[in-house]
Amino acid sequence: MKAGFVSLGCSKNLIDTEVMLGLLQESGIEVSQDPAEADILIVNTCAFIESAKEEAITTVLSMAEYKTAGVGKCRALIVAGCLSQRYGKELLEELPEADAIIGTGACDRIMEAVEEALAGHRVVLTGEDKLLYRADTPRILTTPSYTAYLKIAEGCNNRCAFCAIPLIRGQLRSRSVEDIVKEAERLVKEGVREIILLAQDTASYGKDLYGEPKLAYLLQSLCRIEKLDWIRILYSYPRFFNDELIETIAREPKVVKYVDLPLQHGDDTVLRNMRRPDTNEGMRALIKKLREKIPGVAIRSTFIVGFPGETEEQYQTLRRFLEEMRFDKLGVFTYSREEDTHAYDLPNQVAEAVMEQRYHDLMALQAKISEEINQSLVGRELDLLVEGREIDDEGRDENVVYGRSYREAPDVDGSVYLEGDEDSQPGDIIQVRAVAGFAYDVVTERVNE
């Protein structure tokens with residue numbers, strides 16, 4: 001029997017997919033890359049914002065054709081993930097094409113969902129907000145062999161007004177340092193060179209388990225693993241980004257000098273309305289400290305435009321903040337109105353056209369800033385993690401490799417290109433020198449050894 005997967009949403013969701021794949025394989029079910037060959041099709045959904053929900057439903061209906069339109073051999077279609085956790089029975093009623101619904105709180109019961117679906121029973125399995133995978137949980141990596149995501153905690157104690165994640169994944173639940181290190185050691189033995197730490201808020205890691213944030217201690221423990229080259233941290237909110245964490249990032253050579261700091265806005269009134277504890281002044285101070293204490297640090301952030309009540313003046317405050325802070329990487333989102341969140345019923349919802357205009361304005365501003373920063377890298381030497389080789393339309397190697405330096409996280413940032421390379425293969429780490437910078441990408445040359 002074969003199972004096919006479609007994984008939507010964030011990299012945290014991807015880990016859930018990898019765990020379900022591992023559990024299926026442990027039960028003797030093969031994994032198929034071709035949905036037409038799969039007896040079971042599983043769509044792991046995202047429900048973070050409205051567009052993600054729409055993508056999830058569209059994908060489920062597309063996969064359903066392999067069961068209903070005679071184009072495949074699918075006998076059971078299972079809808080998993082955040083959308084299933086949040087809407088459960090409602091989803092089963094509205095999607096007659098689905099044979100089972102399994103939420104994030106029950107992904108360890110994927111075989112139960114498969115067995116029930118194949119027996120003709122339509123079931124909803126959502127579980128409780130307590131599930132937390134462990135180092136000994138079966139897992140099949142879907143990332144390249146040299147890179148792996150590692151989820152250090154589940155859930156979130158922040159209650160941002162716009163965010164539905166706590167409604168879906170519950171309160172903060174941290175894994176122990178020992179369990180995380182154990183998994184990391186296994187990944188490295190399997191050939192992983194870069195580990196990317198994930199949580200909804202990595203900076204708050206350990207607060208529930210140890211009474212205080214322990215990300216710095218976790219990093220120090222992971223740095224002792226031989227043959228692990230890079231440790232990257234994503235999604236660290238500023239509230240618990242303390243001096244110990246900054247000093248650890250600066251001191252430990254294996255921790256890449258890349259800080260992902262979701263700030264969401266630059267105006268104090270909007271931040272209060274968002275239920276964020278940060279202020280414009282406090283964020284400026286943190287960014288200044290990061291740049292002083294961690295030479296060459298690349299800072300990425302994300303912001304929301306169009307939050308209810310955002311005035312033109314408040315938007316301009318945000319714009320000035322971005323102009324002055326000059327983030328190396330930046331993501332901008334238009335506000336998505338999510339039911340059951342505090343912001344859903346706030347007055348003065350911003351018109352879609354206004355949100356779109358502000359979004360495009362900030363993206364154009366950031367493209368200019370990014371290009372200037374990338375151009376300033378010219379002449380600087382970098383370690384390049386090779387991810388692939390450019391192949392032309394006729395299948396010939398163009399002697400160009402692409403990959404990432406410490407300044408780029410996978411999937412969300414640009415790439416680094418090296419021309420005239422005949423030998424490097426994915427997973428190699430080589431030394432290069434920047435020769436040109438563009439809005440998102442950097443072109444380099446090989447440093448002669």
# chains A, B, ... in the order shown; residues from 1 in each chain; ligands from 1
$ select_by_dssp --residues "region 277-438 of chain A" --states "alpha helix (DSSP H)" --output "PyMOL selection string"
chain A and resi 280-293+312-325+352-376
$ residues_around --residues "region 99-112 of chain A" --least-positions-apart "6" --cutoff "6 Å" --atoms "only C-alpha atoms" --output "VMD selection string"
chain A and resid 76 to 82 84 to 85 122 to 129 131
$ closest_atom_pairs --of "region 33-84 of chain A" --to "region 140-162 of chain A" --cutoff "12 Å" --atoms "only C-alpha atoms" --output "CSV"
residue,atom,partner,partner_atom,distance
A:Gln33,CA,A:Thr142,CA,11.1
A:Phe48,CA,A:Phe162,CA,10.0
A:Ile49,CA,A:Phe162,CA,9.6
A:Glu50,CA,A:Phe162,CA,12.0
A:Cys82,CA,A:Gly155,CA,11.9
$ atom_distance --atom1 "CA of Asp428 (chain A)" --atom2 "CA of Arg186 (chain A)"
19.7 Å
$ select_by_dssp --residues "region 192-308 of chain A" --states "strand (DSSP E or B)" --output "compact mmCIF listing (two decimals) with all heavy atoms, in the first residue's frame"
# COMPACT_ATOMS: atom_id res chain seq x y z
N GLU A 194 23.28 21.30 8.58
CA GLU A 194 22.61 22.51 9.09
C GLU A 194 21.31 22.11 9.78
O GLU A 194 20.46 21.44 9.19
CB GLU A 194 22.30 23.48 7.93
CG GLU A 194 21.51 24.70 8.37
CD GLU A 194 20.99 25.53 7.19
OE1 GLU A 194 20.62 24.93 6.17
OE2 GLU A 194 20.96 26.77 7.31
N ILE A 195 21.16 22.51 11.04
CA ILE A 195 19.92 22.29 11.77
C ILE A 195 19.25 23.63 12.00
O ILE A 195 19.90 24.61 12.43
CB ILE A 195 20.19 21.56 13.10
CG1 ILE A 195 20.44 20.08 12.83
CG2 ILE A 195 19.04 21.74 14.08
CD1 ILE A 195 20.77 19.26 14.06
N ILE A 196 17.96 23.70 11.70
CA ILE A 196 17.20 24.94 11.83
C ILE A 196 16.17 24.76 12.94
O ILE A 196 15.27 23.93 12.84
CB ILE A 196 16.50 25.29 10.50
CG1 ILE A 196 17.55 25.39 9.38
CG2 ILE A 196 15.74 26.60 10.63
CD1 ILE A 196 16.96 25.54 8.00
N LEU A 197 16.34 25.52 14.01
CA LEU A 197 15.47 25.40 15.18
C LEU A 197 14.17 26.18 14.97
O LEU A 197 14.19 27.34 14.56
CB LEU A 197 16.18 25.92 16.43
CG LEU A 197 17.53 25.26 16.77
CD1 LEU A 197 18.07 25.83 18.07
CD2 LEU A 197 17.40 23.75 16.86
N LEU A 198 13.05 25.51 15.29
CA LEU A 198 11.74 26.09 15.07
C LEU A 198 10.87 26.03 16.32
O LEU A 198 10.97 25.10 17.11
CB LEU A 198 10.99 25.33 13.96
CG LEU A 198 11.61 25.26 12.57
CD1 LEU A 198 10.75 24.36 11.70
CD2 LEU A 198 11.71 26.64 11.96
N TRP A 230 26.26 24.19 11.01
CA TRP A 230 25.45 25.40 11.19
C TRP A 230 24.24 25.11 12.06
O TRP A 230 23.57 24.08 11.89
CB TRP A 230 24.94 25.91 9.84
CG TRP A 230 25.97 26.56 8.96
CD1 TRP A 230 27.30 26.76 9.22
CD2 TRP A 230 25.73 27.13 7.66
NE1 TRP A 230 27.90 27.40 8.17
CE2 TRP A 230 26.97 27.64 7.20
CE3 TRP A 230 24.61 27.26 6.85
CZ2 TRP A 230 27.09 28.26 5.95
CZ3 TRP A 230 24.73 27.87 5.61
CH2 TRP A 230 25.97 28.38 5.17
N ILE A 231 23.94 26.05 12.95
CA ILE A 231 22.68 26.05 13.71
C ILE A 231 21.99 27.38 13.42
O ILE A 231 22.57 28.44 13.65
CB ILE A 231 22.92 25.90 15.22
CG1 ILE A 231 23.71 24.63 15.53
CG2 ILE A 231 21.59 25.88 15.97
CD1 ILE A 231 24.21 24.56 16.96
N ARG A 232 20.79 27.31 12.90
CA ARG A 232 20.04 28.52 12.55
C ARG A 232 18.78 28.60 13.41
O ARG A 232 18.12 27.58 13.65
CB ARG A 232 19.67 28.49 11.06
CG ARG A 232 19.07 29.80 10.54
CD ARG A 232 18.72 29.68 9.06
NE ARG A 232 19.89 29.39 8.23
CZ ARG A 232 20.71 30.32 7.75
NH1 ARG A 232 20.47 31.60 8.00
NH2 ARG A 232 21.74 29.97 7.01
N ILE A 233 18.45 29.79 13.87
CA ILE A 233 17.27 29.98 14.72
C ILE A 233 16.25 30.82 13.96
O ILE A 233 16.58 31.89 13.44
CB ILE A 233 17.63 30.73 16.02
CG1 ILE A 233 18.92 30.18 16.63
CG2 ILE A 233 16.50 30.66 17.03
CD1 ILE A 233 19.59 31.15 17.59
N VAL A 255 26.67 28.71 15.54
CA VAL A 255 25.39 29.42 15.46
C VAL A 255 25.54 30.52 14.41
O VAL A 255 26.32 31.46 14.59
CB VAL A 255 24.98 30.03 16.81
CG1 VAL A 255 23.63 30.73 16.68
CG2 VAL A 255 24.92 28.94 17.89
N TYR A 258 22.48 35.08 12.18
CA TYR A 258 21.22 35.38 11.46
C TYR A 258 20.12 35.42 12.52
O TYR A 258 19.92 34.45 13.24
CB TYR A 258 20.96 34.28 10.44
CG TYR A 258 19.66 34.39 9.65
CD1 TYR A 258 19.65 34.92 8.37
CD2 TYR A 258 18.45 33.93 10.19
CE1 TYR A 258 18.48 34.99 7.63
CE2 TYR A 258 17.28 34.00 9.45
CZ TYR A 258 17.29 34.53 8.18
OH TYR A 258 16.12 34.60 7.44
N VAL A 259 19.45 36.54 12.62
CA VAL A 259 18.40 36.70 13.62
C VAL A 259 17.06 36.97 12.93
O VAL A 259 16.93 37.94 12.18
CB VAL A 259 18.74 37.84 14.60
CG1 VAL A 259 17.56 38.11 15.54
CG2 VAL A 259 19.99 37.51 15.40
N ASP A 260 16.10 36.08 13.16
CA ASP A 260 14.75 36.24 12.61
C ASP A 260 13.88 36.79 13.73
O ASP A 260 13.57 36.09 14.70
CB ASP A 260 14.25 34.87 12.14
CG ASP A 260 12.85 34.94 11.57
OD1 ASP A 260 12.41 36.05 11.21
OD2 ASP A 260 12.19 33.89 11.49
N GLN A 264 6.31 43.00 13.51
CA GLN A 264 4.90 43.22 13.14
C GLN A 264 4.51 44.67 12.89
O GLN A 264 3.67 44.94 12.05
CB GLN A 264 3.94 42.60 14.16
CG GLN A 264 4.24 41.15 14.53
CD GLN A 264 4.31 40.19 13.36
OE1 GLN A 264 4.21 40.57 12.23
NE2 GLN A 264 4.52 38.92 13.67
N ALA A 298 22.91 39.31 10.19
CA ALA A 298 21.83 39.55 9.22
C ALA A 298 20.51 39.47 9.99
O ALA A 298 20.24 38.46 10.65
CB ALA A 298 21.87 38.50 8.12
N ILE A 299 19.72 40.51 9.91
CA ILE A 299 18.46 40.56 10.66
C ILE A 299 17.29 40.49 9.69
O ILE A 299 17.19 41.30 8.76
CB ILE A 299 18.35 41.82 11.52
CG1 ILE A 299 19.54 41.90 12.50
CG2 ILE A 299 17.04 41.84 12.29
CD1 ILE A 299 19.55 43.15 13.36
N ARG A 300 16.42 39.53 9.92
CA ARG A 300 15.18 39.40 9.16
C ARG A 300 14.00 39.75 10.06
O ARG A 300 14.01 39.45 11.26
CB ARG A 300 15.01 37.97 8.64
CG ARG A 300 13.68 37.74 7.94
CD ARG A 300 13.47 36.32 7.46
NE ARG A 300 12.14 36.19 6.89
CZ ARG A 300 11.80 36.56 5.66
NH1 ARG A 300 12.71 37.07 4.85
NH2 ARG A 300 10.57 36.42 5.23
N SER A 301 12.97 40.39 9.49
CA SER A 301 11.76 40.65 10.27
C SER A 301 10.53 40.55 9.38
O SER A 301 10.64 40.46 8.16
CB SER A 301 11.82 42.04 10.92
OG SER A 301 10.79 42.18 11.88
N THR A 302 9.38 40.52 10.03
CA THR A 302 8.10 40.51 9.31
C THR A 302 7.19 41.58 9.90
O THR A 302 7.23 41.86 11.11
CB THR A 302 7.40 39.14 9.41
OG1 THR A 302 7.34 38.73 10.77
CG2 THR A 302 8.14 38.09 8.60
N PHE A 303 6.35 42.15 9.04
CA PHE A 303 5.45 43.23 9.45
C PHE A 303 4.08 43.04 8.81
O PHE A 303 3.95 42.43 7.75
CB PHE A 303 6.04 44.59 9.06
CG PHE A 303 7.27 44.94 9.84
CD1 PHE A 303 8.52 44.52 9.40
CD2 PHE A 303 7.19 45.67 11.01
CE1 PHE A 303 9.66 44.82 10.13
CE2 PHE A 303 8.32 45.98 11.74
CZ PHE A 303 9.57 45.55 11.31
N ILE A 304 3.08 43.59 9.48
CA ILE A 304 1.70 43.52 9.01
C ILE A 304 1.23 44.93 8.69
O ILE A 304 1.37 45.85 9.51
CB ILE A 304 0.78 42.90 10.08
CG1 ILE A 304 1.17 41.45 10.34
CG2 ILE A 304 -0.69 42.99 9.66
CD1 ILE A 304 0.44 40.82 11.53
N VAL A 305 0.66 45.12 7.52
CA VAL A 305 0.01 46.39 7.18
C VAL A 305 -1.50 46.18 7.16
O VAL A 305 -1.99 45.08 6.87
CB VAL A 305 0.48 46.94 5.81
CG1 VAL A 305 1.95 47.32 5.87
CG2 VAL A 305 0.24 45.94 4.70
